[in-house]
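Trainee: The structure file run-v1.cif (mmCIF, C-alpha atoms) is provided below.
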```cif
data_model
loop_
_atom_site.label_atom_id
_atom_site.label_comp_id
_atom_site.auth_asym_id
_atom_site.auth_seq_id
_atom_site.Cartn_x
_atom_site.Cartn_y
_atom_site.Cartn_z
CA LYS V 1 72.44 -1.99 -25.23
CA ALA V 2 71.77 0.18 -28.28
CA GLY V 3 73.47 3.55 -28.28
CA VAL V 4 71.97 6.97 -28.91
CA THR V 5 70.37 7.10 -32.33
CA GLN V 6 69.93 10.31 -34.28
CA THR V 7 68.01 10.67 -37.50
CA PRO V 8 68.44 11.74 -40.16
CA ARG V 9 72.20 11.61 -40.54
CA TYR V 10 72.32 14.36 -43.15
CA LEU V 11 69.92 17.13 -44.12
CA ILE V 12 70.04 19.85 -46.73
CA LYS V 13 67.54 22.65 -46.37
CA THR V 14 66.95 26.08 -47.85
CA ARG V 15 66.94 29.34 -45.95
CA GLY V 16 63.54 30.05 -44.44
CA GLN V 17 62.49 26.41 -44.19
CA GLN V 18 62.06 24.56 -40.95
CA VAL V 19 63.58 21.25 -39.86
CA THR V 20 62.95 18.57 -37.23
CA LEU V 21 65.70 16.34 -35.88
CA SER V 22 65.09 13.20 -33.88
CA CYS V 23 66.99 11.51 -31.05
CA SER V 24 66.40 8.16 -29.36
CA PRO V 25 68.36 7.90 -26.10
CA ILE V 26 69.85 4.81 -24.54
CA SER V 27 67.14 2.70 -22.95
CA GLY V 28 66.56 3.83 -19.38
CA HIS V 29 68.15 7.23 -19.84
CA ARG V 30 65.75 9.99 -18.93
CA SER V 31 67.85 13.07 -19.67
CA VAL V 32 68.42 14.22 -23.24
CA SER V 33 70.60 17.19 -24.15
CA TRP V 34 71.18 18.84 -27.50
CA TYR V 35 74.36 20.58 -28.64
CA GLN V 36 75.24 22.51 -31.77
CA GLN V 37 78.78 22.05 -33.07
CA THR V 38 80.37 24.44 -35.56
CA PRO V 39 84.02 25.07 -36.43
CA GLY V 40 83.75 28.68 -35.26
CA GLN V 41 81.86 28.29 -31.98
CA GLY V 42 82.68 24.74 -30.97
CA LEU V 43 80.10 22.79 -28.96
CA GLN V 44 77.30 24.96 -27.68
CA PHE V 45 74.51 23.76 -25.41
CA LEU V 46 70.99 24.14 -26.79
CA PHE V 47 68.67 22.58 -24.20
CA GLU V 48 68.15 19.64 -21.88
CA TYR V 49 65.00 17.65 -21.29
CA PHE V 50 64.12 15.38 -18.41
CA SER V 51 60.82 13.54 -18.02
CA GLU V 52 59.23 15.54 -20.85
CA THR V 53 60.19 18.89 -19.26
CA GLN V 54 62.79 21.34 -20.46
CA ARG V 55 65.08 21.79 -17.48
CA ASN V 56 67.81 23.93 -19.01
CA LYS V 57 68.14 26.14 -22.04
CA GLY V 58 71.21 27.61 -23.69
CA ASN V 59 71.57 30.99 -25.29
CA PHE V 60 69.85 30.36 -28.61
CA PRO V 61 66.97 32.26 -30.24
CA GLY V 62 63.39 31.09 -29.98
CA ARG V 63 63.63 29.59 -33.47
CA PHE V 64 65.26 26.63 -31.75
CA SER V 65 62.83 24.48 -29.80
CA GLY V 66 62.53 20.94 -28.63
CA ARG V 67 60.40 18.44 -26.85
CA GLN V 68 60.64 15.09 -25.18
CA PHE V 69 58.12 12.30 -25.31
CA SER V 70 57.03 9.90 -22.58
CA ASN V 71 59.44 7.24 -23.93
CA SER V 72 62.31 9.77 -23.53
CA ARG V 73 62.74 10.19 -27.27
CA SER V 74 63.39 13.80 -28.15
CA GLU V 75 63.01 16.07 -31.13
CA MET V 76 64.40 19.47 -31.84
CA ASN V 77 62.98 21.91 -34.32
CA VAL V 78 64.57 24.87 -36.03
CA SER V 79 62.22 27.26 -37.79
CA THR V 80 63.04 29.93 -40.37
CA LEU V 81 66.45 28.47 -41.10
CA GLU V 82 69.42 30.77 -41.56
CA LEU V 83 72.74 30.03 -43.25
CA GLY V 84 74.43 30.21 -39.85
CA ASP V 85 72.36 27.28 -38.63
CA SER V 86 74.51 24.94 -40.71
CA ALA V 87 76.14 22.70 -38.14
CA LEU V 88 76.44 19.25 -36.65
CA TYR V 89 73.62 18.80 -34.14
CA LEU V 90 74.45 16.35 -31.41
CA CYS V 91 72.12 14.67 -29.00
CA ALA V 92 73.36 13.16 -25.76
CA SER V 93 71.63 11.11 -23.11
CA SER V 94 72.40 10.30 -19.51
CA LEU V 95 70.63 8.43 -16.75
CA VAL V 96 69.32 11.39 -14.77
CA GLY V 97 71.36 14.30 -16.10
CA THR V 98 72.84 15.52 -12.84
CA GLY V 99 76.24 16.24 -14.37
CA ASP V 100 78.12 13.62 -12.37
CA SER V 101 77.71 10.87 -14.92
CA PRO V 102 78.98 10.86 -18.50
CA LEU V 103 77.01 11.94 -21.54
CA HIS V 104 76.43 9.39 -24.27
CA PHE V 105 76.36 11.02 -27.67
CA GLY V 106 74.77 10.04 -30.95
CA ASN V 107 76.63 10.49 -34.21
CA GLY V 108 74.76 13.68 -34.94
CA THR V 109 72.72 15.17 -37.74
CA ARG V 110 74.70 17.23 -40.24
CA LEU V 111 72.48 20.12 -41.30
CA THR V 112 73.41 22.22 -44.30
CA VAL V 113 71.40 25.34 -45.03
CA THR V 114 71.73 26.78 -48.53
CA SER N 115 81.19 30.72 -18.34
CA GLN N 116 82.69 27.43 -17.18
CA GLN N 117 84.12 26.73 -20.59
CA GLY N 118 87.41 24.90 -20.49
CA GLU N 119 90.13 25.80 -22.95
CA GLU N 120 92.30 23.07 -24.39
CA ASP N 121 95.93 23.52 -25.26
CA PRO N 122 97.44 22.96 -27.75
CA GLN N 123 94.82 23.42 -30.46
CA ALA N 124 96.62 20.85 -32.61
CA LEU N 125 99.18 18.17 -31.92
CA SER N 126 101.00 15.94 -34.41
CA ILE N 127 103.11 13.01 -33.21
CA GLN N 128 104.49 9.66 -34.33
CA GLU N 129 103.00 6.35 -33.35
CA GLY N 130 104.46 5.13 -30.08
CA GLU N 131 105.02 8.61 -28.66
CA ASN N 132 103.05 10.06 -25.75
CA ALA N 133 100.49 12.82 -26.27
CA THR N 134 99.66 15.39 -23.62
CA MET N 135 96.72 17.77 -23.81
CA ASN N 136 95.84 20.41 -21.27
CA CYS N 137 92.59 22.02 -20.20
CA SER N 138 92.26 25.22 -18.19
CA TYR N 139 89.07 26.62 -16.72
CA LYS N 140 88.03 29.73 -14.86
CA THR N 141 85.83 28.92 -11.86
CA SER N 142 85.30 26.10 -9.39
CA ILE N 143 84.08 22.79 -10.70
CA ASN N 144 82.32 19.66 -9.46
CA ASN N 145 83.94 17.49 -12.07
CA LEU N 146 85.83 17.59 -15.33
CA GLN N 147 85.28 15.16 -18.18
CA TRP N 148 87.32 14.23 -21.23
CA TYR N 149 85.77 13.14 -24.51
CA ARG N 150 87.10 11.99 -27.87
CA GLN N 151 85.52 12.73 -31.24
CA ASN N 152 86.45 11.02 -34.45
CA SER N 153 85.87 13.05 -37.60
CA GLY N 154 82.18 13.66 -38.25
CA ARG N 155 81.04 11.42 -35.41
CA GLY N 156 79.64 11.90 -31.93
CA LEU N 157 81.72 12.35 -28.81
CA VAL N 158 82.80 9.38 -26.75
CA HIS N 159 83.32 9.72 -23.01
CA LEU N 160 86.83 8.85 -21.82
CA ILE N 161 87.25 9.78 -18.15
CA LEU N 162 85.40 11.77 -15.49
CA ILE N 163 87.48 13.17 -12.63
CA ARG N 164 85.85 14.75 -9.60
CA SER N 165 87.09 17.90 -7.89
CA ASN N 166 88.38 15.92 -4.91
CA GLU N 167 90.42 13.57 -7.10
CA ARG N 168 93.93 14.28 -8.39
CA GLU N 169 94.55 11.50 -10.87
CA LYS N 170 92.66 8.78 -12.75
CA HIS N 171 93.74 6.09 -15.14
CA SER N 172 91.97 4.13 -17.82
CA GLY N 173 94.09 1.85 -19.97
CA ARG N 174 96.61 4.07 -21.79
CA LEU N 175 94.90 7.24 -20.55
CA ARG N 176 95.95 9.23 -17.52
CA VAL N 177 94.09 12.32 -16.37
CA THR N 178 95.30 14.70 -13.69
CA LEU N 179 93.44 17.55 -12.06
CA ASP N 180 94.98 20.51 -10.23
CA THR N 181 92.15 22.57 -8.77
CA SER N 182 94.58 25.16 -7.35
CA LYS N 183 95.75 25.92 -10.90
CA LYS N 184 92.30 25.25 -12.40
CA SER N 185 93.79 22.90 -14.94
CA SER N 186 93.68 19.30 -16.06
CA SER N 187 95.79 17.24 -18.39
CA LEU N 188 95.11 14.16 -20.48
CA LEU N 189 98.07 11.91 -21.25
CA ILE N 190 97.82 9.21 -23.90
CA THR N 191 100.76 6.83 -23.66
CA ALA N 192 102.19 4.79 -26.55
CA SER N 193 99.84 6.44 -29.01
CA ARG N 194 98.44 4.62 -32.03
CA ALA N 195 97.17 5.84 -35.39
CA ALA N 196 93.67 4.97 -34.16
CA ASP N 197 94.04 7.66 -31.45
CA THR N 198 93.80 10.31 -34.19
CA ALA N 199 90.78 12.39 -33.15
CA SER N 200 89.75 15.61 -31.45
CA TYR N 201 89.82 15.62 -27.65
CA PHE N 202 87.55 17.83 -25.58
CA CYS N 203 87.37 18.67 -21.93
CA ALA N 204 84.04 19.55 -20.36
CA THR N 205 83.51 21.15 -16.98
CA VAL N 206 80.55 20.81 -14.64
CA GLY N 207 80.08 23.24 -11.79
CA GLY N 208 79.26 26.79 -10.86
CA GLY N 209 75.69 25.88 -9.94
CA SER N 210 75.00 24.18 -13.26
CA TYR N 211 75.09 20.48 -14.02
CA ILE N 212 75.30 21.03 -17.76
CA PRO N 213 78.75 20.08 -19.12
CA THR N 214 80.38 23.00 -20.91
CA PHE N 215 82.87 22.05 -23.59
CA GLY N 216 86.11 23.61 -24.73
CA ARG N 217 87.18 23.99 -28.35
CA GLY N 218 89.20 20.78 -28.37
CA THR N 219 92.67 19.58 -29.28
CA SER N 220 93.10 17.95 -32.67
CA LEU N 221 95.52 15.04 -32.37
CA ILE N 222 97.12 13.39 -35.39
CA VAL N 223 99.16 10.25 -34.84
CA HIS N 224 101.31 9.31 -37.82
CA PRO N 225 101.88 5.58 -38.42
#
```
Go through the file and emit its structure as structure tokens.
Mentor:
Amino acid sequence: KAGVTQTPRYLIKTRGQQVTLSCSPISGHRSVSWYQQTPGQGLQFLFEYFSETQRNKGNFPGRFSGRQFSNSRSEMNVSTLELGDSALYLCASSLVGTGDSPLHFGNGTRLTVT
Amino acid sequence: SQQGEEDPQALSIQEGENATMNCSYKTSINNLQWYRQNSGRGLVHLILIRSNEREKHSGRLRVTLDTSKKSSSLLITASRAADTASYFCATVGGGSYIPTFGRGTSLIVHP
């Protein structure tokens, strides 16, 4: 079974631009979560999608948004980029996202904002 | 917040030695999970232990959970250079099913 695939692997953007990151979950997994990882804050939860609906949202500004498609693939978008948005963005999938089964992570998208 | 806190922040040992990492948390949990992350990569799930379990094993890994002390430990026996990575605990509970991660323990195993 193919693992979680995130594209692109690396991105360099300028302040004020917007960016879209993509995540393809493991086949059959319906829950997709996004996390931001930085050296200062560690892993912080962004949002979780299940069956095309956002079920949970972390404490991030409205510049961070996401969506999930009918095939469970997910995208996240960050508008009006700030220097502090530089981070490793990780996507994780699980069967139904009830917390009692493990998360399967992709290798992340490394975003650098200059 | 359910965030677990790992201790120590960094650990350096020789190949063949055992490595022990601890995780403490603040409120009740449904389960606690351990993950490994190699540099610049995604996290890999290691073990999930439920609140009614006290110990679980997987190969060279042993996880214990003490809910009275709100703490868990991950023991890696006979460590190898390939075990060099960051190790994170994640807690699930408190009415939320979203795993909340700690800051991690950075383990270096010297050949």
Trainee: Which residues of chain V are close to chain N, meaning at most 8 Å apart when you count all atoms listed in the file, and how do they look as an NGL selection string?
Mentor: :V and (41-45 or 90 or 97-108)
Trainee: Between atom CA of V:Gln17 and atom CA of V:Phe60, what is the spacing in Å?
Mentor: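 Computing it gives 17.7 Å between the two atoms.
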Trainee: Starting from the shown file, work through the PyMOL selection byres ((chain N and resi 174-181) around 9) and note down what comes out as a PyMOL selection string.
Mentor: chain N and resi 142-143+146+148+160-173+182-193
Trainee: Using only C-alpha atoms, please write the residues we just selected to a file, as a PDB file, in the frame of the given file.
Mentor:
```pdb
ATOM      1  CA  SER N 142      85.300  26.100  -9.390  1.00  0.00           C
ATOM      2  CA  ILE N 143      84.080  22.790 -10.700  1.00  0.00           C
ATOM      3  CA  LEU N 146      85.830  17.590 -15.330  1.00  0.00           C
ATOM      4  CA  TRP N 148      87.320  14.230 -21.230  1.00  0.00           C
ATOM      5  CA  LEU N 160      86.830   8.850 -21.820  1.00  0.00           C
ATOM      6  CA  ILE N 161      87.250   9.780 -18.150  1.00  0.00           C
ATOM      7  CA  LEU N 162      85.400  11.770 -15.490  1.00  0.00           C
ATOM      8  CA  ILE N 163      87.480  13.170 -12.630  1.00  0.00           C
ATOM      9  CA  ARG N 164      85.850  14.750  -9.600  1.00  0.00           C
ATOM     10  CA  SER N 165      87.090  17.900  -7.890  1.00  0.00           C
ATOM     11  CA  ASN N 166      88.380  15.920  -4.910  1.00  0.00           C
ATOM     12  CA  GLU N 167      90.420  13.570  -7.100  1.00  0.00           C
ATOM     13  CA  ARG N 168      93.930  14.280  -8.390  1.00  0.00           C
ATOM     14  CA  GLU N 169      94.550  11.500 -10.870  1.00  0.00           C
ATOM     15  CA  LYS N 170      92.660   8.780 -12.750  1.00  0.00           C
ATOM     16  CA  HIS N 171      93.740   6.090 -15.140  1.00  0.00           C
ATOM     17  CA  SER N 172      91.970   4.130 -17.820  1.00  0.00           C
ATOM     18  CA  GLY N 173      94.090   1.850 -19.970  1.00  0.00           C
ATOM     19  CA  SER N 182      94.580  25.160  -7.350  1.00  0.00           C
ATOM     20  CA  LYS N 183      95.750  25.920 -10.900  1.00  0.00           C
ATOM     21  CA  LYS N 184      92.300  25.250 -12.400  1.00  0.00           C
ATOM     22  CA  SER N 185      93.790  22.900 -14.940  1.00  0.00           C
ATOM     23  CA  SER N 186      93.680  19.300 -16.060  1.00  0.00           C
ATOM     24  CA  SER N 187      95.790  17.240 -18.390  1.00  0.00           C
ATOM     25  CA  LEU N 188      95.110  14.160 -20.480  1.00  0.00           C
ATOM     26  CA  LEU N 189      98.070  11.910 -21.250  1.00  0.00           C
ATOM     27  CA  ILE N 190      97.820   9.210 -23.900  1.00  0.00           C
ATOM     28  CA  THR N 191     100.760   6.830 -23.660  1.00  0.00           C
ATOM     29  CA  ALA N 192     102.190   4.790 -26.550  1.00  0.00           C
ATOM     30  CA  SER N 193      99.840   6.440 -29.010  1.00  0.00           C
TER      31      SER N 193
END
```
Trainee: Using the chain letters and residue numbers of this document, give as a ChimeraX atom specification the residues selected by the PyMOL selection byres ((chain N and resi 138) around 8).
Mentor: /N:118-120,136-137,139-140,184-186
Trainee: Could you give me the axis-aligned bounding box of stretch 178-187 of chain N, with 3 Å of padding per side, as centre plus edge lengths in Å to one decimal, as lines of an AutoDock Vina configuration file?
Mentor:
```
center_x = 94.0
center_y = 20.3
center_z = -12.9
size_x = 9.6
size_y = 17.2
size_z = 17.0
```
Trainee: For the atom pair atom CA of N:Leu221 and atom CA of V:Phe47, what is the interatomic distance in Å to one decimal place?
Mentor: 29.1 Å
Trainee: Please return, as number ranges by chain, all polymer residues that have at least one atom within 6 Å of the point (69.1, 17.7, -36.2); use only C-alpha atoms and the file's own coordinate frame.
Mentor: V: 21, 89, 109
